Amino acid sequence: MALQAVAFPIAPGKTEEWRKFIGDLNGARHDEFAASRKGLGVHERTFLQSTPMGDLVIVTLEGDSPGEAFGRFVTSTDPFARWFIAKANEVHGIDLAQASSGPMPELVVDSAG
């Protein structure tokens with residue numbers, strides 16, 4: 001299994017809106033979220049990190065090809081994917097499709113070797 005981690009800043013003043021978005025993923029839209037990630041072949045975990053420079057979201061994707069799965073997701077026409085991407089773009093102030101075309105984060109240390 002491969003692991004990919006990506007950090008996204010939350011746009012200033014958007015943390016509460018982001019929390020509502022996450023509330024939907026943990027609540028009313030959880031089944032769609034879980035089915036989406038299962039269909040992509042990844043397990044997603046998301047963390048909120050508050051910093052003096054602002055809030056960040058750290059997303060991990062674990063699966064056979066998490067980078068490829070992320071790319072497929074952001075170009076999907078599935079209604080759940082379109083809703084998710086629109087909400088993510090609102091709270092992060094970035095276009096996830098653009099983010100997926102750039103370089104992925106570089107693994108620089110791994111305690112397993």
# chains A, B, ... in the order shown; residues from 1 in each chain; ligands from 1
$ select_by_dssp --residues "segment 42-95 of chain A" --states "helix (DSSP H, G or I)" --output "MDAnalysis selection string"
chainID A and resid 66:74 79:92
$ write_last_selection --atoms "C-alpha atoms" --output "PDB file, in the first residue's frame"
ATOM      1  CA  PRO A  66      -3.286   7.348  -4.224  1.00  0.00           C
ATOM      2  CA  GLY A  67      -1.915  10.032  -6.549  1.00  0.00           C
ATOM      3  CA  GLU A  68      -3.708   8.517  -9.522  1.00  0.00           C
ATOM      4  CA  ALA A  69      -6.907   8.157  -7.456  1.00  0.00           C
ATOM      5  CA  PHE A  70      -6.756  11.861  -6.524  1.00  0.00           C
ATOM      6  CA  GLY A  71      -6.392  12.788 -10.194  1.00  0.00           C
ATOM      7  CA  ARG A  72      -9.358  10.612 -11.186  1.00  0.00           C
ATOM      8  CA  PHE A  73     -11.486  12.102  -8.408  1.00  0.00           C
ATOM      9  CA  VAL A  74     -10.921  15.750  -9.301  1.00  0.00           C
ATOM     10  CA  PRO A  79     -22.532  14.261  -8.557  1.00  0.00           C
ATOM     11  CA  PHE A  80     -20.898  13.590  -5.173  1.00  0.00           C
ATOM     12  CA  ALA A  81     -17.437  14.368  -6.565  1.00  0.00           C
ATOM     13  CA  ARG A  82     -18.700  17.613  -8.131  1.00  0.00           C
ATOM     14  CA  TRP A  83     -20.323  18.649  -4.804  1.00  0.00           C
ATOM     15  CA  PHE A  84     -17.181  17.741  -2.817  1.00  0.00           C
ATOM     16  CA  ILE A  85     -14.852  19.591  -5.176  1.00  0.00           C
ATOM     17  CA  ALA A  86     -17.041  22.709  -5.197  1.00  0.00           C
ATOM     18  CA  LYS A  87     -17.111  22.768  -1.369  1.00  0.00           C
ATOM     19  CA  ALA A  88     -13.363  22.121  -1.122  1.00  0.00           C
ATOM     20  CA  ASN A  89     -12.630  24.869  -3.637  1.00  0.00           C
ATOM     21  CA  GLU A  90     -14.794  27.304  -1.614  1.00  0.00           C
ATOM     22  CA  VAL A  91     -13.105  26.671   1.731  1.00  0.00           C
ATOM     23  CA  HIS A  92      -9.562  26.326   0.448  1.00  0.00           C
TER      24      HIS A  92
END
$ residues_around --residues "Thr46 of chain A" --least-positions-apart "3" --cutoff "12 Å" --atoms "only C-alpha atoms" --output "mmCIF file with N, CA and C atoms, in the first residue's frame"
data_model
loop_
_atom_site.group_PDB
_atom_site.id
_atom_site.type_symbol
_atom_site.label_atom_id
_atom_site.label_comp_id
_atom_site.auth_asym_id
_atom_site.auth_seq_id
_atom_site.Cartn_x
_atom_site.Cartn_y
_atom_site.Cartn_z
ATOM 1 N N GLN A 4 -0.019 8.754 0.501
ATOM 2 C CA GLN A 4 0.223 10.109 0.005
ATOM 3 C C GLN A 4 -0.369 11.086 1.002
ATOM 4 N N ALA A 5 0.352 12.143 1.325
ATOM 5 C CA ALA A 5 -0.150 13.186 2.218
ATOM 6 C C ALA A 5 -0.062 14.520 1.493
ATOM 7 N N VAL A 6 -1.120 15.334 1.639
ATOM 8 C CA VAL A 6 -1.176 16.639 0.998
ATOM 9 C C VAL A 6 -1.729 17.629 2.012
ATOM 10 N N ALA A 7 -1.149 18.832 2.061
ATOM 11 C CA ALA A 7 -1.641 19.889 2.950
ATOM 12 C C ALA A 7 -2.319 20.968 2.119
ATOM 13 N N PHE A 8 -3.496 21.392 2.581
ATOM 14 C CA PHE A 8 -4.244 22.460 1.927
ATOM 15 C C PHE A 8 -4.548 23.534 2.960
ATOM 16 N N TRP A 18 -15.601 25.150 6.654
ATOM 17 C CA TRP A 18 -14.921 23.868 6.460
ATOM 18 C C TRP A 18 -15.446 22.836 7.456
ATOM 19 N N ARG A 19 -15.648 23.235 8.707
ATOM 20 C CA ARG A 19 -16.173 22.309 9.724
ATOM 21 C C ARG A 19 -17.580 21.815 9.345
ATOM 22 N N ILE A 22 -17.082 19.193 6.668
ATOM 23 C CA ILE A 22 -16.632 17.944 7.289
ATOM 24 C C ILE A 22 -17.780 17.286 8.054
ATOM 25 N N LEU A 25 -19.632 15.275 5.689
ATOM 26 C CA LEU A 25 -18.920 14.038 5.344
ATOM 27 C C LEU A 25 -19.004 13.003 6.455
ATOM 28 N N ASN A 26 -19.055 13.459 7.687
ATOM 29 C CA ASN A 26 -19.183 12.547 8.827
ATOM 30 C C ASN A 26 -20.635 12.201 9.137
ATOM 31 N N HIS A 43 -8.120 4.821 1.147
ATOM 32 C CA HIS A 43 -8.624 5.131 2.484
ATOM 33 C C HIS A 43 -8.149 6.540 2.779
ATOM 34 N N GLN A 49 -5.025 21.168 11.222
ATOM 35 C CA GLN A 49 -3.853 21.663 11.944
ATOM 36 C C GLN A 49 -3.934 23.179 12.019
ATOM 37 N N LEU A 56 -4.654 24.649 8.476
ATOM 38 C CA LEU A 56 -4.325 23.761 7.362
ATOM 39 C C LEU A 56 -5.114 22.475 7.500
ATOM 40 N N VAL A 57 -5.395 21.877 6.374
ATOM 41 C CA VAL A 57 -5.972 20.541 6.340
ATOM 42 C C VAL A 57 -4.896 19.618 5.787
ATOM 43 N N ILE A 58 -4.658 18.531 6.486
ATOM 44 C CA ILE A 58 -3.707 17.521 6.024
ATOM 45 C C ILE A 58 -4.515 16.290 5.645
ATOM 46 N N VAL A 59 -4.435 15.926 4.384
ATOM 47 C CA VAL A 59 -5.196 14.796 3.860
ATOM 48 C C VAL A 59 -4.226 13.679 3.535
ATOM 49 N N THR A 60 -4.529 12.480 4.025
ATOM 50 C CA THR A 60 -3.743 11.310 3.642
ATOM 51 C C THR A 60 -4.623 10.378 2.828
ATOM 52 N N LEU A 61 -4.047 9.840 1.793
ATOM 53 C CA LEU A 61 -4.701 8.830 0.971
ATOM 54 C C LEU A 61 -3.807 7.606 0.973
ATOM 55 N N GLU A 62 -4.389 6.471 1.308
ATOM 56 C CA GLU A 62 -3.642 5.224 1.352
ATOM 57 C C GLU A 62 -4.313 4.235 0.416
#
$ atom_distance --atom1 "atom CA of Gly63 of chain A" --atom2 "atom CA of Ser36 of chain A"
13.4 Å
$ closest_residue --among "A:Gly41, A:Pro103, A:Gly113, A:Gly54" --to "Pro9 of chain A" --atoms "only C-alpha atoms"
A:Gly54
